[in-house]
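In what follows, a structure is listed as structure tokens, so that the remarks can point back to it.
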There are 2 protein chains.
Amino acid sequence: MIPLDKLYEGKAKIVYPTERLDELRIVFKDDATAGDGAKRATLPGKGQLNAAISAALFRMVEEEGVPTHFVRSDGPDAMIVRKLKMVPVEVVVRNLAAGSLVRRLGLQTGATLRRPILEHNLKNDALHDPWVNATHVEALGIASAAELAEADDMAMRVNQALEPALAARGLILVDFKLEFGRDTHGAMRLGDEISCDTCRFWDSVSRTPLDKDRFRQDLGGVVEAYREVWRRLLGEDGEGA
Amino acid sequence: MIPLDKLYEGKAKIVYPTERLDELRIVFKDDATAGDGAKRATLPGKGQLNAAISAALFRMVEEEGVPTHFVRSDGPDAMIVRKLKMVPVEVVVRNLAAGSLVRRLGLQTGATLRRPILEHNLKNDALHDPWVNATHVEALGIASAAELAEADDMAMRVNQALEPALAARGLILVDFKLEFGRDTHGAMRLGDEISCDTCRFWDSVSRTPLDKDRFRQDLGGVVEAYREVWRRLLGEDGEGA
């Protein structure tokens with residue numbers, strides 16, 4: 001096997017080509033950043049845990065009929081995925097008020113919502129991922145209204161798949177960020193990752209965060225919390241890396 | 001006639017009751033504020049010009065079949081309107097990139113858009129009118145999805161009515177902010193004002209602003225620009241206060 005140069009290195013993942021043109025290898029890093037890059041740390045074990053958690057959650061989502069880019073785990077910190085042409089928009093699904101929503105709209109953390117909130121952010125580091133809606137996306141030629149509606153519909157189905165499955169494992173799915181893209185056959189699939197870096201998971205009883213908020217808010221026990229999520233996902237049905 | 005105490009005083013208008021329970025009197029002030037209240041001035045003549053411009057534009061919108069709260073002008077700086085129960089959401093329609101859109105999304109001022117952009121801001125001074133979308137509005141019980149869709153549809157119809165009518169008068173309708181509410185019969189109507197304080201109007205040839213941006217950007221000639229808009233609206237079809 002010829003070693004292949006990385007295609008792209010992000011804050012928390014590195015993307016490599018594979019010997020198949022339609023597949024990539026994604027390696028999860030131990031690096032963590034927050035506050036638009038102002039806070040940085042290396043958290044040994046985070047990469048492996050996020051790889052295992054993502055694999056388990058992609059499988060759950062696929063079982064509920066939502067296509068994803070996940071093909072298989074590949075070693076303890078990596079996964080093989082289908083190559084997607086990404087829609088450069090993050091879709092955020094919120095079941096309870098937390099994070100930026102609380103600050104922006106003056107809500108209490110944990111406030112219930114009459115329905116899930118869907119938010120969209122343009123993926124653009126230089127602009128700090130500004131919020132957009134369907135009319136911005138269409139007006140600027142980023143995606144068609146139909147494409148964004150398809151991504152939104154898939155995001156709601158991911159929520160319907162994961163929220164009860166996580167509740168059964170003692171976890172509240174507070175909110176999460178998804179990214180979508182088209183595979184080489186033109187079908188929209190869920191891409192990126194579904195992990196403690198991209199979701200807010202609270203313990204159902206104590207309502208304490210078991211996710212990246214522990215890093216953002218300097219609560220300590222970051223890797224321990226990620227491991228607890230992994231343990232609950234693995235413990236119930238034998239999934240994992 | 002018994003003098004009646006004002007019901008509400010905003011930054012640019014004062015609302016009075018009338019002897020009819022279903023009507024209000026709105027007086028346009030000469031006061032101007034910008035930058036979330038950081039900049040303040042009194043611009044003699046602004047109130048009368050905005051009252052006349054609003055009256056003319058409400059009439060144009062009504063002629064195109066969009067119901068508004070406008071009943072009649074009442075003296076040089078005031079109008080009688082139907083009392084509405086307001087939806088506490090501002091609807092912004094954008095035909096060209098300007099203002100906050102340019103800053104947020106890194107566009108050029110005046111950039112063309114493939115379709116008009118619709119944005120929504122929650123009316124909340126303490127929170128600085130945060131952006132929301134249809135899911136926030138429903139999730140927080142601010143309005144139903146159907147109500148917001150009705151307001152959006154009316155906003156697009158206002159744009160379709162005003163954009164060509166203003167173009168015929170040498171004005172580009174760059175963007176504008178609308179507010180909607182339900183009258184005492186439950187029908188949704190356009191409320192608030194349509195003026196040089198709430199719209200961006202550019203001269204079609206020079207593309208210079210003839211609106212509140214002259215105040216925001218310290219370009220000078222604020223009242224002169226408002227008078228020019230009024231002159232063009234009045235000159236073509238005899239409307240005005």
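We label chains A, B, ... in the order they appear in the structure tokens, count residues from 1 in each chain, and number ligands from 1 in the order shown.
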What's the 10 Å shell around A:Ala165, counting only C-alpha atoms, without same-chain residues fewer than 4 positions away, as JSON, numbers by chain?
{"A": [57, 60, 61, 159, 160, 161, 169, 170, 171, 172, 173, 233]}
I need the residues from that last selection saved to file as a short mmCIF file (atom, residue, chain, number, x, y, z; two decimals), in the first residue's frame (with C-alpha atoms), if you can.
```cif
data_model
loop_
_atom_site.label_atom_id
_atom_site.label_comp_id
_atom_site.auth_asym_id
_atom_site.auth_seq_id
_atom_site.Cartn_x
_atom_site.Cartn_y
_atom_site.Cartn_z
CA LEU A 57 -24.36 6.98 15.71
CA MET A 60 -28.11 4.08 14.23
CA VAL A 61 -29.03 6.75 11.69
CA ASN A 159 -33.13 13.81 15.22
CA GLN A 160 -36.13 11.46 15.24
CA ALA A 161 -33.74 8.51 15.02
CA ARG A 169 -29.26 5.17 27.07
CA GLY A 170 -29.75 7.93 29.65
CA LEU A 171 -28.67 10.78 27.37
CA ILE A 172 -30.57 13.92 26.37
CA LEU A 173 -29.79 15.00 22.81
CA LEU A 233 -23.65 3.63 23.38
#
```
Env of B:Val89: 10 Å cut, atoms = only C-alpha atoms, seq-sep filter 5 positions within chain, self excluded. Answer as a PDB file with N, CA and C atoms, in the first residue's frame.
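Contents of part.pdb, freshly written:
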```pdb
ATOM      1  N   GLU B 119     -35.273  38.152   5.597  1.00  0.00           N
ATOM      2  CA  GLU B 119     -34.698  37.902   6.928  1.00  0.00           C
ATOM      3  C   GLU B 119     -35.729  38.278   7.986  1.00  0.00           C
ATOM      4  N   HIS B 120     -35.599  37.666   9.158  1.00  0.00           N
ATOM      5  CA  HIS B 120     -36.529  37.941  10.255  1.00  0.00           C
ATOM      6  C   HIS B 120     -35.755  38.293  11.505  1.00  0.00           C
ATOM      7  N   ASN B 121     -36.186  39.346  12.169  1.00  0.00           N
ATOM      8  CA  ASN B 121     -35.584  39.720  13.443  1.00  0.00           C
ATOM      9  C   ASN B 121     -36.684  39.824  14.484  1.00  0.00           C
ATOM     10  N   LEU B 122     -36.410  39.245  15.641  1.00  0.00           N
ATOM     11  CA  LEU B 122     -37.336  39.373  16.757  1.00  0.00           C
ATOM     12  C   LEU B 122     -37.295  40.810  17.254  1.00  0.00           C
ATOM     13  N   LYS B 123     -38.468  41.437  17.422  1.00  0.00           N
ATOM     14  CA  LYS B 123     -38.489  42.810  17.943  1.00  0.00           C
ATOM     15  C   LYS B 123     -38.241  42.744  19.443  1.00  0.00           C
ATOM     16  N   ASN B 124     -37.001  43.070  19.832  1.00  0.00           N
ATOM     17  CA  ASN B 124     -36.653  43.011  21.256  1.00  0.00           C
ATOM     18  C   ASN B 124     -35.416  43.881  21.474  1.00  0.00           C
ATOM     19  N   ASP B 129     -32.749  43.013  18.825  1.00  0.00           N
ATOM     20  CA  ASP B 129     -33.474  42.469  17.665  1.00  0.00           C
ATOM     21  C   ASP B 129     -32.755  41.290  17.021  1.00  0.00           C
ATOM     22  N   PRO B 130     -32.603  40.186  17.723  1.00  0.00           N
ATOM     23  CA  PRO B 130     -31.832  39.057  17.179  1.00  0.00           C
ATOM     24  C   PRO B 130     -32.519  38.430  15.970  1.00  0.00           C
ATOM     25  N   TRP B 131     -31.722  37.871  15.040  1.00  0.00           N
ATOM     26  CA  TRP B 131     -32.273  37.154  13.883  1.00  0.00           C
ATOM     27  C   TRP B 131     -32.971  35.892  14.377  1.00  0.00           C
ATOM     28  N   VAL B 132     -34.028  35.548  13.686  1.00  0.00           N
ATOM     29  CA  VAL B 132     -34.747  34.293  13.938  1.00  0.00           C
ATOM     30  C   VAL B 132     -35.173  33.736  12.587  1.00  0.00           C
ATOM     31  N   ASN B 133     -35.578  32.492  12.574  1.00  0.00           N
ATOM     32  CA  ASN B 133     -36.209  31.918  11.376  1.00  0.00           C
ATOM     33  C   ASN B 133     -37.567  31.337  11.784  1.00  0.00           C
ATOM     34  N   VAL B 137     -39.516  31.053  15.624  1.00  0.00           N
ATOM     35  CA  VAL B 137     -40.781  31.740  15.865  1.00  0.00           C
ATOM     36  C   VAL B 137     -41.825  30.748  16.377  1.00  0.00           C
ATOM     37  N   ILE B 142     -43.937  32.531  19.316  1.00  0.00           N
ATOM     38  CA  ILE B 142     -44.049  33.941  18.919  1.00  0.00           C
ATOM     39  C   ILE B 142     -45.133  34.091  17.860  1.00  0.00           C
ATOM     40  N   ALA B 143     -45.216  33.154  16.962  1.00  0.00           N
ATOM     41  CA  ALA B 143     -46.243  33.129  15.913  1.00  0.00           C
ATOM     42  C   ALA B 143     -46.274  31.709  15.367  1.00  0.00           C
ATOM     43  N   LEU B 148     -46.283  33.351   9.931  1.00  0.00           N
ATOM     44  CA  LEU B 148     -45.031  33.890   9.394  1.00  0.00           C
ATOM     45  C   LEU B 148     -45.002  33.720   7.879  1.00  0.00           C
ATOM     46  N   ALA B 151     -47.054  36.468   6.413  1.00  0.00           N
ATOM     47  CA  ALA B 151     -46.313  37.736   6.436  1.00  0.00           C
ATOM     48  C   ALA B 151     -45.237  37.736   5.348  1.00  0.00           C
ATOM     49  N   LEU B 178     -40.274  45.515   7.151  1.00  0.00           N
ATOM     50  CA  LEU B 178     -41.726  45.599   7.316  1.00  0.00           C
ATOM     51  C   LEU B 178     -42.148  44.975   8.648  1.00  0.00           C
ATOM     52  N   GLU B 179     -43.312  45.419   9.136  1.00  0.00           N
ATOM     53  CA  GLU B 179     -43.915  44.787  10.316  1.00  0.00           C
ATOM     54  C   GLU B 179     -45.386  44.532  10.008  1.00  0.00           C
ATOM     55  N   PHE B 180     -45.876  43.419  10.495  1.00  0.00           N
ATOM     56  CA  PHE B 180     -47.245  42.993  10.201  1.00  0.00           C
ATOM     57  C   PHE B 180     -48.029  42.770  11.495  1.00  0.00           C
ATOM     58  N   GLY B 181     -49.351  42.812  11.351  1.00  0.00           N
ATOM     59  CA  GLY B 181     -50.200  42.530  12.506  1.00  0.00           C
ATOM     60  C   GLY B 181     -51.601  42.202  12.042  1.00  0.00           C
TER      61      GLY B 181
END
```
Counting only C-alpha atoms, collect the residues of chain A whose closest atom lies at most 7 Å from chain B, and write them out as a list in words.
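Interface list for chain A against chain B: Arg104, Leu105, Leu113, Arg114, Arg115, Pro116, Ile117, Leu118, Leu127, Pro130, Thr135, His136, Glu138, Ala139 and Leu140 of chain A.
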I need the residue nearest B:Met154 from this list: B:Thr109, B:Thr208, B:Thr198, B:Thr68. Use only C-alpha atoms for the distance.
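Ranking B:Thr109, B:Thr208, B:Thr198, B:Thr68 by distance to B:Met154, first place goes to B:Thr68.
Nearest to B:Leu84 of all the residues B:Ala145, B:Leu21, B:Ala56, B:Leu49 is B:Leu21, counting only C-alpha atoms.
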Tell me, as JSON, numbers by chain, which residues lie within 10 Å of B:Gly191, counting only C-alpha atoms; anything in the same chain fewer than 3 positions away does not count.
{"B": [58, 67, 68, 69, 70, 81, 82, 83, 84, 85, 86, 87, 178, 179, 180, 181, 182, 183, 188, 194]}
Got a sec to tell me which of stretch 1-233 of chain A DSSP assigns to strand (DSSP E or B), as a PyMOL selection string?
chain A and resi 8-9+13-17+23-28+31-34+39-42+68+70-73+78-82+85-96+112-122+131-132+171-182+188-190+199-203+209
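Using only C-alpha atoms, the shortest contact distance between B:Val93 and any of B:Lys212, B:Arg200, B:Arg189, B:Lys6 is found at B:Arg200.
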Which residues, written as a VMD selection string, have at least one atom at most 7 Å from stretch 215-231 of chain A, with only C-alpha atoms counted and residues fewer than 3 positions away on the same chain left out?
chain A and resid 34 43 45 to 46 49 53 196 210 to 212 234 to 235
Let me see the file: selected residues, N, CA and C atoms, as a short mmCIF file (atom, residue, chain, number, x, y, z; two decimals), in the first residue's frame.
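Writing done, so here's result.cif:
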```
data_model
loop_
_atom_site.label_atom_id
_atom_site.label_comp_id
_atom_site.auth_asym_id
_atom_site.auth_seq_id
_atom_site.Cartn_x
_atom_site.Cartn_y
_atom_site.Cartn_z
N ALA A 34 -11.91 25.86 20.71
CA ALA A 34 -13.20 26.47 21.05
C ALA A 34 -13.05 27.98 20.96
N LEU A 43 -6.29 16.57 23.85
CA LEU A 43 -6.98 15.76 24.86
C LEU A 43 -6.79 14.29 24.47
N GLY A 45 -6.98 10.63 23.72
CA GLY A 45 -8.11 9.70 23.75
C GLY A 45 -9.35 10.24 23.07
N LYS A 46 -9.43 11.58 22.93
CA LYS A 46 -10.63 12.18 22.32
C LYS A 46 -10.87 11.67 20.90
N LEU A 49 -12.33 8.15 20.86
CA LEU A 49 -13.70 8.12 21.37
C LEU A 49 -14.67 8.71 20.36
N ILE A 53 -17.79 6.84 18.71
CA ILE A 53 -19.13 7.40 18.91
C ILE A 53 -19.77 7.71 17.56
N CYS A 196 -19.18 13.82 20.32
CA CYS A 196 -19.24 14.73 21.47
C CYS A 196 -18.68 16.11 21.14
N LEU A 210 -22.10 16.07 28.86
CA LEU A 210 -21.14 14.99 28.59
C LEU A 210 -20.59 15.21 27.17
N ASP A 211 -20.11 16.40 26.89
CA ASP A 211 -19.75 16.78 25.52
C ASP A 211 -18.73 17.92 25.56
N LYS A 212 -18.51 18.53 24.42
CA LYS A 212 -17.48 19.56 24.28
C LYS A 212 -17.72 20.78 25.17
N LEU A 234 -22.06 1.81 23.61
CA LEU A 234 -21.54 0.46 23.41
C LEU A 234 -22.25 -0.54 24.30
N GLY A 235 -22.55 -0.10 25.52
CA GLY A 235 -23.07 -1.02 26.53
C GLY A 235 -24.43 -1.58 26.18
#
```
Once DSSP has gone over the backbone, tell me which residues of stretch 57-235 of chain B are in alpha helix (DSSP H), as number ranges by chain.
B: 57-63, 100-105, 134-139, 145-167, 213-216, 222-235
For B:Arg20, work out the shell of residues within 12 Å, counting only C-alpha atoms and skipping chain neighbours fewer than 3 positions away, then give it as a ChimeraX atom specification.
/B:4,16-17,23-25,80-83
